[in-house]
>>> print(open('target_28.csv').read())   # CSV, C-alpha atoms
chain,number,residue,atom,x,y,z
O,123,MET,CA,116.5,67.7,64.4
O,124,MET,CA,117.5,71.1,65.8
O,125,VAL,CA,114.1,72.6,64.9
O,126,PHE,CA,112.3,69.7,66.6
O,127,ARG,CA,114.5,70.1,69.7
O,128,LEU,CA,113.6,73.8,70.0
O,129,VAL,CA,109.9,73.2,69.5
O,130,SER,CA,110.1,70.4,72.2
O,131,ILE,CA,111.8,72.8,74.6
O,132,GLY,CA,109.2,75.5,74.0
O,133,PHE,CA,106.3,73.0,74.5
O,134,ALA,CA,107.9,71.7,77.7
O,135,ALA,CA,108.1,75.2,79.0
O,136,VAL,CA,104.5,75.9,78.4
O,137,LEU,CA,103.5,72.7,80.2
O,138,THR,CA,105.7,73.8,83.2
O,139,VAL,CA,103.7,77.0,83.4
O,140,VAL,CA,100.3,75.5,83.0
O,141,GLY,CA,100.8,73.0,85.8
O,142,CYS,CA,99.7,75.0,88.8
O,143,GLY,CA,98.8,73.7,92.2
O,144,PRO,CA,95.2,73.4,93.5
O,145,THR,CA,93.5,76.1,95.6
O,146,ARG,CA,93.7,75.2,99.3
O,147,SER,CA,90.4,74.5,101.0
O,148,VAL,CA,90.1,74.7,104.8
O,149,ASP,CA,87.9,72.5,107.0
O,150,PRO,CA,86.0,74.9,109.3
O,151,GLU,CA,86.2,72.5,112.3
O,152,ALA,CA,89.9,72.0,111.8
O,153,GLU,CA,90.4,75.7,111.7
O,154,LYS,CA,88.4,76.2,114.8
O,155,THR,CA,90.4,73.6,116.7
O,156,TYR,CA,93.7,75.1,115.5
O,157,LEU,CA,92.6,78.6,116.7
O,158,ALA,CA,91.3,77.4,120.1
O,159,ASP,CA,94.5,78.2,122.0
O,160,LYS,CA,95.6,81.2,119.9
O,161,PRO,CA,95.2,84.8,121.2
O,162,VAL,CA,91.9,86.2,119.8
O,163,PRO,CA,93.3,89.5,118.6
O,164,ALA,CA,95.8,87.6,116.4
O,165,HIS,CA,93.3,85.1,115.0
O,166,ALA,CA,93.4,86.8,111.6
O,167,LEU,CA,97.1,86.1,111.4
O,168,PHE,CA,96.9,82.5,112.6
O,169,ARG,CA,94.0,81.9,110.2
O,170,LYS,CA,96.3,82.7,107.3
O,171,ILE,CA,98.7,79.9,108.4
O,172,VAL,CA,95.9,77.4,107.8
O,173,SER,CA,94.4,79.0,104.6
O,174,GLU,CA,97.6,80.0,102.7
O,175,GLY,CA,99.5,76.8,103.3
O,176,GLU,CA,103.1,76.0,102.4
O,177,ARG,CA,103.8,79.0,100.1
O,178,ASN,CA,103.5,81.4,103.0
O,179,HIS,CA,104.3,79.0,105.8
O,180,VAL,CA,107.3,80.9,107.2
O,181,LEU,CA,105.9,84.4,106.6
O,182,ASN,CA,102.6,83.8,108.3
O,183,ARG,CA,104.3,82.1,111.3
O,184,MET,CA,106.7,85.0,111.6
O,185,ARG,CA,103.8,87.5,111.7
O,186,ALA,CA,101.6,85.4,114.0
O,187,GLY,CA,104.5,84.4,116.3
O,188,LEU,CA,105.4,88.1,116.9
O,189,ALA,CA,101.8,89.0,117.5
O,190,ALA,CA,101.4,86.2,120.1
O,191,MET,CA,104.6,87.2,121.8
O,192,GLU,CA,103.5,90.8,122.1
O,193,LEU,CA,100.2,89.7,123.5
O,194,GLY,CA,101.9,87.7,126.2
O,195,HIS,CA,101.2,84.2,124.8
O,196,ASP,CA,104.8,83.0,125.0
O,197,GLU,CA,104.2,79.3,124.6
O,198,VAL,CA,102.1,79.8,121.4
O,199,ALA,CA,104.7,82.3,120.1
O,200,ALA,CA,107.6,79.9,120.8
O,201,GLU,CA,105.9,77.0,119.1
O,202,THR,CA,105.0,79.2,116.1
O,203,PHE,CA,108.5,80.6,115.7
O,204,ASP,CA,109.9,77.0,116.1
O,205,GLU,CA,107.8,75.9,113.1
O,206,ALA,CA,109.1,78.8,111.0
O,207,LEU,CA,112.7,78.3,112.0
O,208,LEU,CA,112.6,74.6,111.1
O,209,THR,CA,112.0,75.7,107.5
O,210,ILE,CA,114.4,78.6,107.6
O,211,GLU,CA,117.3,76.4,108.7
O,212,THR,CA,116.8,74.3,105.5
O,213,VAL,CA,116.8,77.3,103.2
O,214,TYR,CA,119.7,76.0,101.2
O,215,ALA,CA,118.9,72.3,101.5
O,216,GLY,CA,119.4,71.6,97.7
O,217,ASN,CA,116.5,69.2,97.5
O,218,GLU,CA,114.3,68.6,94.4
O,219,GLN,CA,111.7,71.0,95.6
O,220,ALA,CA,114.3,73.7,96.0
O,221,LYS,CA,115.6,73.0,92.5
O,222,LYS,CA,112.1,73.4,91.1
O,223,ALA,CA,111.7,76.6,93.0
O,224,ARG,CA,114.7,78.0,91.1
O,225,GLY,CA,113.2,77.1,87.7
O,226,ALA,CA,113.1,79.9,85.1
O,227,PHE,CA,109.3,79.6,84.8
O,228,THR,CA,108.3,79.9,88.5
O,229,ALA,CA,107.2,83.3,89.6
O,230,GLU,CA,109.2,84.5,92.6
O,231,ASP,CA,106.1,85.3,94.6
O,232,ARG,CA,104.8,81.8,94.0
O,233,LYS,CA,107.7,80.1,95.7
O,234,VAL,CA,107.8,79.0,99.3
O,235,PHE,CA,108.7,82.2,101.3
O,236,ARG,CA,111.8,81.8,103.5
O,237,GLY,CA,112.6,85.5,103.9
O,238,GLU,CA,115.6,87.7,103.3
O,239,PRO,CA,118.6,87.4,105.7
O,240,TYR,CA,117.3,90.3,107.9
O,241,GLU,CA,114.0,88.6,108.3
O,242,ARG,CA,115.4,85.2,109.2
O,243,ALA,CA,117.8,86.9,111.6
O,244,MET,CA,114.9,88.6,113.3
O,245,ALA,CA,113.0,85.4,113.7
O,246,PHE,CA,116.0,84.1,115.7
O,247,TYR,CA,116.1,87.4,117.6
O,248,TYR,CA,112.5,86.9,118.8
O,249,ARG,CA,113.0,83.2,119.6
O,250,GLY,CA,116.1,84.1,121.6
O,251,LEU,CA,114.2,86.8,123.4
O,252,LEU,CA,111.5,84.3,124.3
O,253,TYR,CA,114.2,82.0,125.8
O,254,LEU,CA,115.5,85.0,127.8
O,255,LEU,CA,112.0,85.7,129.1
O,256,ASP,CA,111.9,82.1,130.3
O,257,GLY,CA,115.4,82.3,131.9
O,258,ASP,CA,116.9,79.8,129.4
O,259,TYR,CA,120.2,81.5,128.7
O,260,GLU,CA,121.9,78.6,126.9
O,261,ASN,CA,119.2,78.2,124.3
O,262,ALA,CA,118.9,82.0,124.0
O,263,ARG,CA,122.6,82.2,123.2
O,264,ALA,CA,122.3,79.5,120.6
O,265,SER,CA,119.3,81.3,119.0
O,266,PHE,CA,121.1,84.6,118.8
O,267,ARG,CA,124.1,82.9,117.3
O,268,SER,CA,121.9,81.3,114.7
O,269,GLY,CA,120.5,84.7,113.8
O,270,SER,CA,124.1,86.0,113.3
O,271,LEU,CA,124.8,83.2,111.0
O,272,GLN,CA,121.7,84.1,108.9
O,273,ASP,CA,123.2,87.6,108.7
O,274,THR,CA,126.3,86.2,107.0
O,275,LEU,CA,124.1,85.3,103.9
O,276,ALA,CA,124.8,88.7,102.3
O,277,GLU,CA,126.6,89.0,99.1
O,278,LYS,CA,128.7,92.1,99.7
O,279,GLU,CA,131.6,91.3,102.0
O,280,GLU,CA,131.5,94.5,103.9
O,281,PHE,CA,128.0,93.8,105.1
O,282,ARG,CA,128.5,90.2,106.2
O,283,GLN,CA,127.7,89.5,109.9
O,284,ASP,CA,127.3,93.1,111.1
O,285,PHE,CA,124.3,92.5,113.3
O,286,ALA,CA,125.7,94.0,116.5
O,287,LEU,CA,122.4,93.5,118.4
O,288,LEU,CA,122.5,89.7,117.9
O,289,GLU,CA,126.2,89.6,118.8
O,290,PHE,CA,125.5,91.7,122.0
O,291,LEU,CA,122.6,89.4,122.9
O,292,GLU,CA,124.8,86.3,122.4
O,293,GLY,CA,127.3,87.9,124.8
O,294,TRP,CA,124.6,88.8,127.3
O,295,SER,CA,123.2,85.3,127.3
O,296,SER,CA,126.6,83.9,127.9
O,297,GLN,CA,127.3,86.4,130.7
O,298,CYS,CA,124.0,85.5,132.3
O,299,ASN,CA,124.9,81.8,131.9
O,300,GLY,CA,128.3,82.3,133.7
O,301,ASP,CA,130.3,81.8,130.5
O,302,GLN,CA,132.5,84.9,130.6
O,303,ASP,CA,134.9,83.8,127.9
O,304,LEU,CA,132.1,83.3,125.4
O,305,ALA,CA,130.6,86.6,126.5
O,306,GLU,CA,133.8,88.5,125.9
O,307,GLU,CA,134.2,87.0,122.5
O,308,ALA,CA,130.7,88.0,121.4
O,309,TYR,CA,131.0,91.4,122.9
O,310,ALA,CA,134.2,92.0,121.0
O,311,LEU,CA,132.3,91.2,117.7
O,312,ALA,CA,129.5,93.6,118.8
O,313,LYS,CA,132.0,96.3,119.5
O,314,SER,CA,133.6,95.8,116.0
O,315,HIS,CA,130.3,96.5,114.4
O,316,ASN,CA,129.1,99.3,116.7
O,317,ASP,CA,131.8,101.7,117.9
O,318,ALA,CA,129.4,103.2,120.6
O,319,PHE,CA,129.0,99.8,122.3
O,320,VAL,CA,130.3,99.5,125.9
O,321,VAL,CA,130.6,96.1,127.5
O,322,PRO,CA,128.0,95.7,130.3
O,323,GLY,CA,129.2,95.8,133.8
O,324,ASN,CA,129.7,92.5,135.7
O,325,LYS,CA,126.9,93.4,138.0
O,326,ASP,CA,124.4,94.5,135.3
O,327,ASN,CA,121.5,92.0,135.5
O,328,LEU,CA,118.6,93.8,133.6
O,329,LEU,CA,118.3,93.9,129.8
O,330,LEU,CA,116.1,96.6,128.3
O,331,LEU,CA,114.8,96.3,124.8
O,332,ALA,CA,112.4,98.5,122.8
O,333,ASP,CA,111.3,97.7,119.2
O,334,VAL,CA,110.2,101.0,117.6
O,335,GLY,CA,108.8,102.0,114.2
O,336,TYR,CA,107.4,100.2,111.3
O,337,ALA,CA,108.7,97.4,109.1
O,338,PRO,CA,111.0,97.9,106.1
O,339,VAL,CA,109.1,97.6,102.8
O,340,LYS,CA,110.2,95.6,99.8
O,341,TYR,CA,109.6,96.8,96.2
O,342,ALA,CA,110.7,95.8,92.7
O,343,GLU,CA,112.6,97.7,90.0
O,344,GLY,CA,114.0,96.9,86.6
O,345,GLN,CA,112.4,96.4,83.2
O,346,HIS,CA,110.7,93.2,84.3
O,347,LYS,CA,110.6,94.1,88.0
O,348,GLU,CA,113.4,91.6,88.6
O,349,LEU,CA,115.4,93.7,91.1
O,350,LEU,CA,114.5,93.5,94.8
O,351,LYS,CA,114.8,96.8,96.7
O,352,VAL,CA,114.0,97.9,100.2
O,353,LYS,CA,112.8,101.3,101.5
O,354,GLY,CA,111.7,102.7,104.8
O,355,ASN,CA,108.1,102.6,105.8
O,356,SER,CA,106.1,105.7,104.9
O,357,ARG,CA,104.8,105.7,108.5
O,358,LYS,CA,107.5,107.1,110.8
O,359,GLY,CA,108.0,105.8,114.3
O,360,MET,CA,109.9,106.9,117.4
O,361,LYS,CA,113.7,107.3,117.3
O,362,SER,CA,114.3,107.4,121.1
O,363,VAL,CA,112.7,105.8,124.2
O,364,LYS,CA,113.1,106.7,127.9
O,365,ALA,CA,113.0,103.9,130.4
O,366,ARG,CA,112.5,104.1,134.1
O,367,VAL,CA,113.3,101.2,136.5
O,368,SER,CA,111.8,101.5,139.9
O,369,GLY,CA,111.5,105.2,139.3
O,370,LYS,CA,115.2,105.6,138.2
O,371,ALA,CA,115.9,106.8,134.7
O,372,GLU,CA,117.8,104.3,132.5
O,373,SER,CA,119.1,104.8,129.0
O,374,LEU,CA,118.9,102.6,125.9
O,375,PRO,CA,122.0,103.9,124.3
O,376,TYR,CA,122.4,101.4,121.4
O,377,VAL,CA,120.4,101.3,118.2
O,378,GLU,CA,120.1,98.4,115.7
O,379,SER,CA,118.6,99.6,112.5
O,380,ILE,CA,116.5,96.8,111.0
O,381,LEU,CA,116.0,99.0,108.0
O,382,TRP,CA,119.8,99.2,107.5
O,383,GLN,CA,120.1,95.5,107.8
O,384,ALA,CA,117.3,95.0,105.2
O,385,LYS,CA,118.8,97.6,102.7
O,386,SER,CA,122.5,96.5,103.1
O,387,ARG,CA,122.1,93.0,101.6
O,388,GLY,CA,124.1,94.2,98.6
O,389,GLY,CA,123.9,92.1,95.4
O,390,ARG,CA,122.1,89.0,96.6
O,391,GLU,CA,122.3,85.6,94.9
O,392,VAL,CA,118.7,85.9,94.0
O,393,ASP,CA,119.4,89.1,92.1
O,394,SER,CA,121.6,87.2,89.6
O,395,VAL,CA,119.1,84.5,89.3
O,396,LEU,CA,116.3,87.0,88.6
O,397,ALA,CA,118.6,88.9,86.2
O,398,GLY,CA,119.1,85.6,84.4
O,399,LYS,CA,115.4,85.1,84.1
O,400,ALA,CA,115.0,88.6,82.7
O,401,ASN,CA,117.8,87.9,80.2
O,402,PHE,CA,116.1,84.6,79.3
O,403,LYS,CA,112.8,86.4,78.7
O,404,GLU,CA,114.4,88.9,76.4
O,405,THR,CA,116.4,86.2,74.5
O,406,THR,CA,113.4,84.1,73.9
O,407,LYS,CA,111.4,87.1,72.8
O,408,GLY,CA,114.2,87.9,70.3
O,409,ALA,CA,114.3,84.3,69.1
O,410,ALA,CA,110.5,84.4,68.5
O,411,GLN,CA,110.8,87.6,66.4
O,412,ALA,CA,113.7,86.2,64.4
O,413,ALA,CA,111.9,82.9,63.8
O,414,ALA,CA,108.8,84.7,62.7
O,415,MET,CA,110.9,86.6,60.1
O,416,VAL,CA,112.5,83.3,58.9
O,417,SER,CA,109.0,81.7,58.6
O,418,SER,CA,107.6,84.6,56.6
O,419,ALA,CA,110.6,84.7,54.3
O,420,SER,CA,110.4,80.9,53.8
O,421,MET,CA,106.8,81.0,52.9
O,422,THR,CA,107.5,83.8,50.4
O,423,VAL,CA,110.2,81.6,48.8
O,424,SER,CA,107.8,78.6,48.8
O,425,GLN,CA,105.2,80.6,46.9
O,426,MET,CA,107.8,81.9,44.4
O,427,GLN,CA,109.1,78.3,43.8
O,428,ALA,CA,105.6,77.0,43.3
O,429,VAL,CA,104.8,79.7,40.7
O,430,GLN,CA,108.0,78.7,38.8
O,431,GLY,CA,107.0,75.1,38.9
O,432,ASN,CA,109.7,73.9,41.3
O,433,LEU,CA,107.4,71.9,43.5
O,434,ASP,CA,110.1,70.0,45.5
O,435,ALA,CA,111.8,73.3,46.4
O,436,ALA,CA,108.4,74.8,47.2
O,437,ARG,CA,107.6,72.0,49.6
O,438,THR,CA,111.0,72.2,51.3
O,439,ALA,CA,110.7,76.0,51.8
O,440,ALA,CA,107.1,75.6,53.1
O,441,GLY,CA,108.2,72.9,55.6
O,442,PHE,CA,111.1,75.0,56.9
O,443,GLY,CA,108.7,78.0,57.1
O,444,ALA,CA,106.2,76.0,59.1
O,445,ALA,CA,108.9,74.7,61.5
O,446,ALA,CA,110.2,78.3,62.0
O,447,GLY,CA,106.7,79.4,62.7
O,448,LEU,CA,106.4,76.8,65.4
O,449,VAL,CA,109.7,77.9,66.9
O,450,SER,CA,108.4,81.5,66.9
O,451,ILE,CA,105.2,80.5,68.6
O,452,PHE,CA,106.8,78.5,71.3
O,453,SER,CA,109.6,81.0,71.9
O,454,GLN,CA,107.1,83.7,72.4
O,455,MET,CA,105.1,81.5,74.8
O,456,ALA,CA,108.3,80.7,76.7
O,457,SER,CA,109.2,84.4,76.9
O,458,ASP,CA,105.7,85.2,78.1
O,459,ALA,CA,105.9,82.4,80.6
O,460,ALA,CA,109.2,83.4,82.2
O,461,LYS,CA,108.5,85.2,85.6
O,462,PRO,CA,111.5,87.2,86.6
O,463,ALA,CA,109.7,89.6,88.9
O,464,ALA,CA,111.2,89.8,92.4
O,465,ASP,CA,109.3,88.5,95.5
O,466,ILE,CA,108.2,91.6,97.5
O,467,ARG,CA,106.4,89.7,100.3
O,468,HIS,CA,107.8,90.9,103.5
O,469,TRP,CA,107.4,90.5,107.3
O,470,ASP,CA,105.2,93.5,107.9
O,471,ASN,CA,105.0,93.7,111.7
O,472,LEU,CA,108.7,94.0,112.3
O,473,PRO,CA,110.1,97.2,113.8
O,474,GLU,CA,112.4,99.7,112.0
O,475,ASP,CA,114.8,99.9,114.9
O,476,VAL,CA,115.6,98.0,118.2
O,477,LEU,CA,116.9,100.2,121.1
O,478,TYR,CA,118.7,98.4,123.9
O,479,GLY,CA,120.8,98.8,127.0
O,480,THR,CA,121.5,97.2,130.4
O,481,ALA,CA,121.0,98.2,134.0
O,482,ARG,CA,121.5,96.9,137.6
O,483,VAL,CA,118.7,96.0,140.0
O,484,ASP,CA,118.4,94.2,143.3
O,485,GLY,CA,118.3,90.5,142.4
O,486,SER,CA,115.3,89.9,144.7
O,487,ASP,CA,113.2,92.7,143.2
O,488,THR,CA,110.6,92.6,140.5
O,489,PRO,CA,111.1,96.1,139.4
O,490,GLU,CA,108.5,98.4,138.0
O,491,ILE,CA,109.6,99.2,134.5
O,492,THR,CA,108.1,101.8,132.1
O,493,PHE,CA,109.1,102.9,128.7
O,494,ASP,CA,108.1,106.5,128.1
O,495,GLY,CA,105.6,106.2,131.0
O,496,ILE,CA,103.9,103.0,129.6
O,497,SER,CA,104.0,100.0,131.8
O,498,SER,CA,101.0,97.8,130.6
O,499,ALA,CA,102.7,96.9,127.3
O,500,VAL,CA,106.1,95.9,128.9
O,501,ARG,CA,106.9,92.2,128.9
O,502,GLN,CA,109.1,91.2,131.8
O,503,GLY,CA,110.7,87.9,132.6
O,504,GLY,CA,114.0,86.1,133.1
O,505,GLY,CA,115.7,83.9,135.7
O,506,ALA,CA,117.6,84.3,138.9
O,507,ARG,CA,120.7,85.7,137.3
O,508,CYS,CA,119.3,88.1,134.7
O,509,LYS,CA,116.0,89.8,134.0
O,510,VAL,CA,114.7,91.2,130.8
O,511,ALA,CA,112.1,93.8,129.9
O,512,TRP,CA,110.8,94.3,126.3
O,513,THR,CA,108.3,96.5,124.6
O,514,ARG,CA,107.4,97.8,121.2
O,515,PHE,CA,106.1,101.1,119.8
O,516,PRO,CA,103.5,101.1,118.3
O,517,ALA,CA,102.0,98.4,120.6
O,518,THR,CA,99.8,95.7,119.1
O,519,SER,CA,101.0,96.2,115.5
O,520,LEU,CA,99.4,93.0,114.1
O,521,GLY,CA,100.6,92.9,110.6
O,522,GLU,CA,99.9,96.5,109.8
O,523,GLY,CA,103.4,97.5,108.7
>>> encode(input="target_28.csv", output="structure tokens")
Amino acid sequence: MMVFRLVSIGFAAVLTVVGCGPTRSVDPEAEKTYLADKPVPAHALFRKIVSEGERNHVLNRMRAGLAAMELGHDEVAAETFDEALLTIETVYAGNEQAKKARGAFTAEDRKVFRGEPYERAMAFYYRGLLYLLDGDYENARASFRSGSLQDTLAEKEEFRQDFALLEFLEGWSSQCNGDQDLAEEAYALAKSHNDAFVVPGNKDNLLLLADVGYAPVKYAEGQHKELLKVKGNSRKGMKSVKARVSGKAESLPYVESILWQAKSRGGREVDSVLAGKANFKETTKGAAQAAAMVSSASMTVSQMQAVQGNLDAARTAAGFGAAAGLVSIFSQMASDAAKPAADIRHWDNLPEDVLYGTARVDGSDTPEITFDGISSAVRQGGGARCKVAWTRFPATSLGEG
């Protein structure tokens, strides 16, 4: 009975691996319609949303949403990020699909991508920034707050919710919305995570932000590539930016390292899951080898008993040897089928750092703002109470990180 059960488990495991989904085909007319209102320079990124389907649903929308935002297509960017965030917010839904995704025989890079905490937090950062550009302070505050909550999904206690940029922006949005108590609460959190932080003056009404550098890169380590690691991009970006507002020099004194946020996840829950998969792979491989030895020994005993004329004993030994042989085969197949390798897909047009600061301008002005002498790539917006200017170096980094 035990032998039959082990063989059944192995056979079920093989069936699990064989059952792969069909290749996604795309109707050219449907794709053309979908791309009609999308910025042409970002068509390659938006095309992936259609062609790669659910598995890369979030990742491709993150990439395309940021590209659209940089190109000034805010409505498209907002809609694209909203679609990604809808999935992000159900990351720990606990439904049947999520349970299947945690199965020991599902390769990590075949699962639906929802991103690491830093990636999900940055999706809320850009959505909140879009709200600020539109002068919607209340929704901006909520978005930055949601980003901070995503940052709490780190395993090591000392790195939980230390995203000072998002806490500052939550406070700034509240200040612009006239909610001073909420602003002070958020600023206090930002200060606790960045000693250099100084609360903006009551009359400050201009937010300056510059995304600089290239995206953190994920890679895998371990015997079965089961451990997810993060490193800095081999291409190096700027570490400081000078801003001028209507000819006056303004500083961006604060830095949020996205690379640090990516690297400081600590021992994540997925690490233990992947370690379990690696252990399962080794255990089943050992079981296969042991069962093969038992099968060989049983067959030898069967032959010896047959030569001695003990036919019943020979048949019993042969049967046991055959069963052990099946266990060996299926255990080896189960070991080969286990996919513990970490998922190294990453949001590759993120920056390495975000530089930020505030300033004061005449409320009736639309100031000329440059970052290191560049004005054409600066996105400006906001409402009557507060304005915002955002740029990125390098400009138009459409998924090249």
>>> atom_distance(input="target_28.csv", atom1="atom CA of Arg267 of chain O", atom2="atom CA of Leu208 of chain O")
15.5 Å
>>> residues_around(input="target_28.csv", residues="segment 369-371 of chain O", least_positions_apart="5", cutoff="10 Å", atoms="only C-alpha atoms", output="PDB file with C-alpha atoms, keeping the file's coordinate frame")
ATOM      1  CA  LYS O 364     113.100 106.700 127.900  1.00  0.00           C
ATOM      2  CA  PRO O 489     111.100  96.100 139.400  1.00  0.00           C
ATOM      3  CA  GLU O 490     108.500  98.400 138.000  1.00  0.00           C
ATOM      4  CA  ILE O 491     109.600  99.200 134.500  1.00  0.00           C
ATOM      5  CA  THR O 492     108.100 101.800 132.100  1.00  0.00           C
ATOM      6  CA  PHE O 493     109.100 102.900 128.700  1.00  0.00           C
TER       7      PHE O 493
END
>>> closest_residue(input="target_28.csv", among="O:Ser268, O:Gln383, O:Asn355, O:Gln502", to="Asp470 of chain O", atoms="only C-alpha atoms")
O:Asn355
>>> atom_distance(input="target_28.csv", atom1="atom CA of Thr155 of chain O", atom2="atom CA of Arg169 of chain O")
11.1 Å
>>> residues_around(input="target_28.csv", residues="Glu197 of chain O", least_positions_apart="4", cutoff="12 Å", atoms="all atoms listed in the file", output="MDAnalysis selection string")
chainID O and resid 159:161 187:188 190:193 201:204 249 252:253 255:256
>>> closest_residue(input="target_28.csv", among="O:Glu474, O:Glu289, O:Asp149, O:Glu211", to="Arg263 of chain O", atoms="all atoms listed in the file")
O:Glu289
>>> atom_distance(input="target_28.csv", atom1="atom CA of Trp382 of chain O", atom2="atom CA of Ala342 of chain O")
17.7 Å
>>> closest_residue(input="target_28.csv", among="O:Leu157, O:Glu307, O:Leu291, O:His315", to="Val198 of chain O", atoms="all atoms listed in the file")
O:Leu157
